[in-house]
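Report on the structure given below.
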Amino acid sequence: MKETKRNSFTGSIGFVLAAAGSAVGLGNIWRFPYLAAKDGGGLFLVIYLILALTFGFTLLTTEVAIGRKVKQSPLTAYNQLKKGWKWLGIVACLVPVIILPYYCAIGGWVLKYFIAYLTGDGMNAATEGYFTNYITSDVEPVIWMFVFLFIVAFVIFRGINSGIESFSKVIMPVLLILVVAIAIFSLTIQHTDAEGITRTGLQGLKVYVVPNLEGLTVKDFFSVLLDAMGQLFFSLSVAMGIMIAYGSYVKDDANLGKSINQIEICDTLVAFLAGVMIIPAVYTFMGTEGMQASGPSLMFISLPKVFAAMGRIGNVVGCLFFAMVLFAALTSAVSVMEAVVASFMDQFHVTRTKATIIEFVIALIAGVVVCLGYNALYFEVILPNGAIGQILDIMDYISNNFLMPIVAIGTCILIGWIVKPKTVIEEVEKSGCKFGRKRLYIVMIKVIAPILLVILFLKSVGILTVI
């Protein structure tokens, strides 16, 4: 598509909310609290914050600047920036193509639980085997996946302003209000178990935020560092083409540096508050043992039991919680689908409608396969990192542990050593705004970020096992 016909966000608020919506996803909610609890609470938080201001800032700035400079989506942007680098654009576009189907399958799970709590069936959702029986059923997961995907496709179909921007301006403020409200409630609860032990939300908060340095070794520290870097890497939606696509819709006179800072703040705040929502509540009702759960087991098994233990108010809290999770999943899925649709539009010069329909069909077929992976197509494999998985886990591993680090490393090499950091710096300063962390950016993009990413990649694929 020609640059003159490319739509733009109407203002920086629309861009920030859309990008923050992309960053605020399931990873913030079901993985961040678990890692914080596992990795010494406050120690993980401090390291995460430092990385957000350095590593995360570098990758986020780079991708948004690339998008705005070339006004192209990921599939075509890299080759536009430097001839011969189209391969990196293909890999970057392949990531959201793989992610969207299984993300919509999980989004369908969230939708199912939200409806369960909305209709007063929350107590049943907490019973043993409820989640397993649901995901292993033949038809229901496919239906909910389809509904979730249809909502996402409808937003994309409506375009940048009437779709993504309008959707984000409504959903994100509501999501933030729900996050804050649930976090405050989580701090006020207390519970006495069958053994007469009383635990409170504030005690759970202490477990979350106070650094636990007992027995900390150098190996443990590097393990926490890589956990925090991995979480930040996925949390900010970098290395999957999303921020390049969104950056291509940012006007040339927008203050890029300010917008990126706001995205960082929003993502980090929600990630922190996700821990405040979950860790005190799980600790209060389930003790330290309950805090060892992460991913689907945390959200769909442990938390429903916590809501059930709250009594009558638990159904209301559960409904609000899954509404918040649903909003977070939708905003992230919208950004993932837009990265693919925009790529189809730029590469093949097709209309948004046609590109949306094509990606909808691809995601629907693959999404059905993911859903059937828990029943008719079920099998198990041992992944290179030692984990046991099936279809969804394989797709997640390929996209997150293999392709995304390759995209990030390739981007650092391209910007740091081929077209040089000045390409991004000049783009950020184009509107007359000062690039506040310019020297830090140059060192990070040329040296530190690539080294950290290579270490993360080697650990992710199971080559580096000493950390």
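Letters A, B, ... go to the chains of the structure tokens in the order shown; residues in each chain start at 1; ligands are counted from 1 in the same order.
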
Discussion item. I'd like the contact shell of region 198-207 of chain A - 12 Å cut-off, only C-alpha atoms, skipping same-chain residues fewer than 2 positions apart - returned as a VMD selection string.
Written reply: chain A and resid 33 to 34 36 to 45 182 to 196 209 to 212 272 to 288 290 to 291

Discussion item. With DSSP run on the backbone, what are the helix (DSSP H, G or I) residues within region 37-242 of chain A? I'd like them as a ChimeraX atom specification.
Written reply: /A:37-38,42-70,74-81,86-118,122-125,130-135,140-157,160-188,201-209,218-235,242

Worksheet, complete the sentence: In Å and to one decimal, CA of Gly257 (chain A) is distant from CA of Leu49 (chain A) by 18.0 Å

Practice prompt. Considering only C-alpha atoms, return as an NGL selection string whatever protein or nucleic-acid residues lie within 12 Å of Ile177 (chain A), sequence-local ones (same chain, fewer than 4 positions apart) excluded.
Written response: :A and (170-173 or 181-184 or 270 or 273 or 320-321 or 323-324 or 327)

Any chance you can output those residues with N, CA and C atoms as an mmCIF file, in the first residue's frame?
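In the end it all went to result_35.cif:
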data_model
loop_
_atom_site.group_PDB
_atom_site.id
_atom_site.type_symbol
_atom_site.label_atom_id
_atom_site.label_comp_id
_atom_site.auth_asym_id
_atom_site.auth_seq_id
_atom_site.Cartn_x
_atom_site.Cartn_y
_atom_site.Cartn_z
ATOM 1 N N VAL A 170 -11.774 2.386 24.919
ATOM 2 C CA VAL A 170 -12.849 1.962 25.823
ATOM 3 C C VAL A 170 -12.372 0.869 26.768
ATOM 4 N N ILE A 171 -11.740 -0.157 26.197
ATOM 5 C CA ILE A 171 -11.367 -1.341 26.958
ATOM 6 C C ILE A 171 -10.243 -1.078 27.962
ATOM 7 N N MET A 172 -9.191 -0.352 27.549
ATOM 8 C CA MET A 172 -8.023 -0.177 28.418
ATOM 9 C C MET A 172 -8.332 0.563 29.716
ATOM 10 N N PRO A 173 -9.072 1.680 29.692
ATOM 11 C CA PRO A 173 -9.419 2.327 30.965
ATOM 12 C C PRO A 173 -10.228 1.411 31.889
ATOM 13 N N ALA A 181 -8.985 -2.108 41.257
ATOM 14 C CA ALA A 181 -10.040 -2.473 42.203
ATOM 15 C C ALA A 181 -9.811 -3.865 42.795
ATOM 16 N N ILE A 182 -9.476 -4.829 41.937
ATOM 17 C CA ILE A 182 -9.247 -6.199 42.416
ATOM 18 C C ILE A 182 -7.989 -6.261 43.280
ATOM 19 N N ALA A 183 -6.953 -5.493 42.913
ATOM 20 C CA ALA A 183 -5.719 -5.462 43.691
ATOM 21 C C ALA A 183 -5.987 -4.918 45.098
ATOM 22 N N ILE A 184 -6.759 -3.842 45.191
ATOM 23 C CA ILE A 184 -7.103 -3.263 46.503
ATOM 24 C C ILE A 184 -7.899 -4.273 47.332
ATOM 25 N N VAL A 270 0.768 -2.617 35.276
ATOM 26 C CA VAL A 270 -0.224 -3.700 35.239
ATOM 27 C C VAL A 270 0.414 -5.026 35.646
ATOM 28 N N LEU A 273 0.702 -4.889 39.378
ATOM 29 C CA LEU A 273 -0.618 -4.995 40.005
ATOM 30 C C LEU A 273 -1.223 -6.384 39.826
ATOM 31 N N LEU A 320 -15.555 -10.290 37.901
ATOM 32 C CA LEU A 320 -14.766 -9.092 37.597
ATOM 33 C C LEU A 320 -13.353 -9.474 37.158
ATOM 34 N N PHE A 321 -12.797 -10.484 37.822
ATOM 35 C CA PHE A 321 -11.441 -10.919 37.478
ATOM 36 C C PHE A 321 -11.383 -11.439 36.047
ATOM 37 N N ALA A 323 -13.470 -10.885 33.673
ATOM 38 C CA ALA A 323 -13.765 -9.790 32.741
ATOM 39 C C ALA A 323 -12.473 -9.044 32.421
ATOM 40 N N MET A 324 -11.688 -8.788 33.468
ATOM 41 C CA MET A 324 -10.404 -8.098 33.288
ATOM 42 C C MET A 324 -9.457 -8.931 32.423
ATOM 43 N N PHE A 327 -10.549 -8.824 28.778
ATOM 44 C CA PHE A 327 -10.179 -7.565 28.123
ATOM 45 C C PHE A 327 -8.688 -7.573 27.764
#

Worksheet entry | Residue contacts of region 67-77 of chain A (6 Å, only C-alpha atoms) excluding same-chain residues fewer than 6 positions away, as a PyMOL selection string | chain A and resi 89-90+93+241+244-245+247-248+342-343

Dump of N, CA and C atoms for the selected residues, as a JSON list (two decimals), in the first residue's frame:
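Listed below is the output, selection38.json:
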[["chain", "number", "residue", "atom", "x", "y", "z"],
["A", 89, "GLY", "N", 11.94, -10.16, 8.15],
["A", 89, "GLY", "CA", 10.54, -9.77, 8.13],
["A", 89, "GLY", "C", 9.62, -10.98, 8.04],
["A", 90, "ILE", "N", 10.03, -11.98, 7.27],
["A", 90, "ILE", "CA", 9.23, -13.21, 7.15],
["A", 90, "ILE", "C", 9.14, -13.93, 8.49],
["A", 93, "CYS", "N", 6.91, -12.00, 10.87],
["A", 93, "CYS", "CA", 5.49, -12.15, 10.54],
["A", 93, "CYS", "C", 4.99, -13.55, 10.88],
["A", 241, "GLY", "N", 6.57, -8.45, 15.56],
["A", 241, "GLY", "CA", 6.07, -7.60, 14.49],
["A", 241, "GLY", "C", 4.99, -6.61, 14.90],
["A", 244, "ILE", "N", 6.13, -2.89, 15.28],
["A", 244, "ILE", "CA", 6.47, -2.33, 13.96],
["A", 244, "ILE", "C", 5.19, -1.92, 13.25],
["A", 245, "ALA", "N", 4.19, -2.81, 13.28],
["A", 245, "ALA", "CA", 2.90, -2.51, 12.65],
["A", 245, "ALA", "C", 2.24, -1.29, 13.29],
["A", 247, "GLY", "N", 3.74, 1.02, 15.06],
["A", 247, "GLY", "CA", 4.59, 2.18, 14.82],
["A", 247, "GLY", "C", 4.35, 2.79, 13.45],
["A", 248, "SER", "N", 3.98, 1.95, 12.48],
["A", 248, "SER", "CA", 3.73, 2.45, 11.11],
["A", 248, "SER", "C", 2.49, 3.33, 11.04],
["A", 342, "ALA", "N", -1.87, -6.45, 8.53],
["A", 342, "ALA", "CA", -1.12, -5.35, 7.94],
["A", 342, "ALA", "C", -0.03, -5.86, 7.00],
["A", 343, "SER", "N", 0.60, -6.98, 7.38],
["A", 343, "SER", "CA", 1.64, -7.58, 6.53],
["A", 343, "SER", "C", 1.06, -8.06, 5.21]]

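Compared by their closest atoms to Ile99 (chain A), and using only C-alpha atoms, the residues A:Ile242, A:Leu51, A:Ala271, A:Ile135 rank with A:Ile242 nearest.
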
Worksheet item: When DSSP works through the backbone of this structure, what residues of region 37-277 of chain A end up as strand (DSSP E), shown as a ChimeraX atom specification?
Response: /A:190-192,198-200

Item to complete: For each of A:Ala92, A:Ala105, A:Met404, A:Ile160, take the minimum atom-to-atom distance to Gly373 (chain A), counting only C-alpha atoms, then give the residue where this is smallest.
Response: A:Ala105

Discussion item. Give me the residues near region 14-28 of chain A as a ChimeraX atom specification, where near means some atom within 8 Å (using only C-alpha atoms) and where sequence neighbours in that chain fewer than 2 positions away do not count.
Written reply: /A:9-12,30-33,164-166,168-169,172,231,234-237,243,246,250,259-260,262-264,266-267,270-271,274,325,328-329,331-336

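We find CA of Gly295 (chain A) and CA of Asp227 (chain A) to be spaced 14.6 Å apart.
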
Item to complete: Counting only C-alpha atoms, figure out which residue out of A:Thr268, A:Thr136, A:Thr54, A:Thr62 gets nearest to Ile425 (chain A).
Response: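 Nearest candidate to Ile425 (chain A) out of A:Thr268, A:Thr136, A:Thr54, A:Thr62: A:Thr62.
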
Worksheet item: So which residues touch Tyr102 (chain A) within 10 Å, counting only C-alpha atoms, skipping near sequence neighbours fewer than 3 positions away, as JSON, numbers by chain?
Response: {"A": [97, 98, 99, 105, 106, 107, 108, 145, 363, 364, 366, 367, 368, 369, 370, 371, 391, 392, 393, 395, 396]}

Discussion item. With distances taken over only C-alpha atoms, which residue among A:Glu380, A:Ala449, A:Ala153, A:Leu53 lies nearest Thr356 (chain A)?
Written reply: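 The answer is A:Ala153, which sits nearest to Thr356 (chain A).
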
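Ranking A:Pro101, A:Pro296, A:Pro450, A:Gly215 by their shortest atom-to-atom distance to Trp417 (chain A), with only C-alpha atoms included, puts A:Pro450 first.
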
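Residues in contact range of Glu427 (chain A), defined as at most 10 Å between only C-alpha atoms, with sequence neighbours fewer than 2 positions away removed, read Thr61, Thr62, Val64, Ala65, Ile66, Arg68, Lys69, Asp252, Leu256, Lys422, Thr423, Val424, Ile425, Glu429, Lys430, Ser431, Gly432, Cys433 and Phe435 of chain A.
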
Can those selected residues be exported to a file as a CSV table (one decimal), in the first residue's frame so that it contains C-alpha atoms?
chain,number,residue,atom,x,y,z
A,61,THR,CA,12.0,2.0,20.8
A,62,THR,CA,13.7,0.1,17.9
A,64,VAL,CA,8.2,1.4,16.9
A,65,ALA,CA,10.9,3.6,15.2
A,66,ILE,CA,11.3,1.1,12.4
A,68,ARG,CA,7.2,4.8,11.7
A,69,LYS,CA,10.3,5.3,9.5
A,252,ASP,CA,5.5,11.9,12.1
A,256,LEU,CA,7.8,9.0,20.1
A,422,LYS,CA,21.5,6.8,14.3
A,423,THR,CA,18.7,5.5,12.1
A,424,VAL,CA,16.5,5.0,15.1
A,425,ILE,CA,17.8,8.0,17.0
A,429,GLU,CA,14.1,13.0,17.3
A,430,LYS,CA,12.4,13.8,13.9
A,431,SER,CA,9.6,15.7,15.5
A,432,GLY,CA,12.0,17.9,17.5
A,433,CYS,CA,11.9,15.8,20.6
A,435,PHE,CA,16.0,11.2,22.9

Item to complete: In Å, rounded to a single decimal, give me how far CA of Lys459 (chain A) is from CA of Met337 (chain A).
Response: 28.5 Å
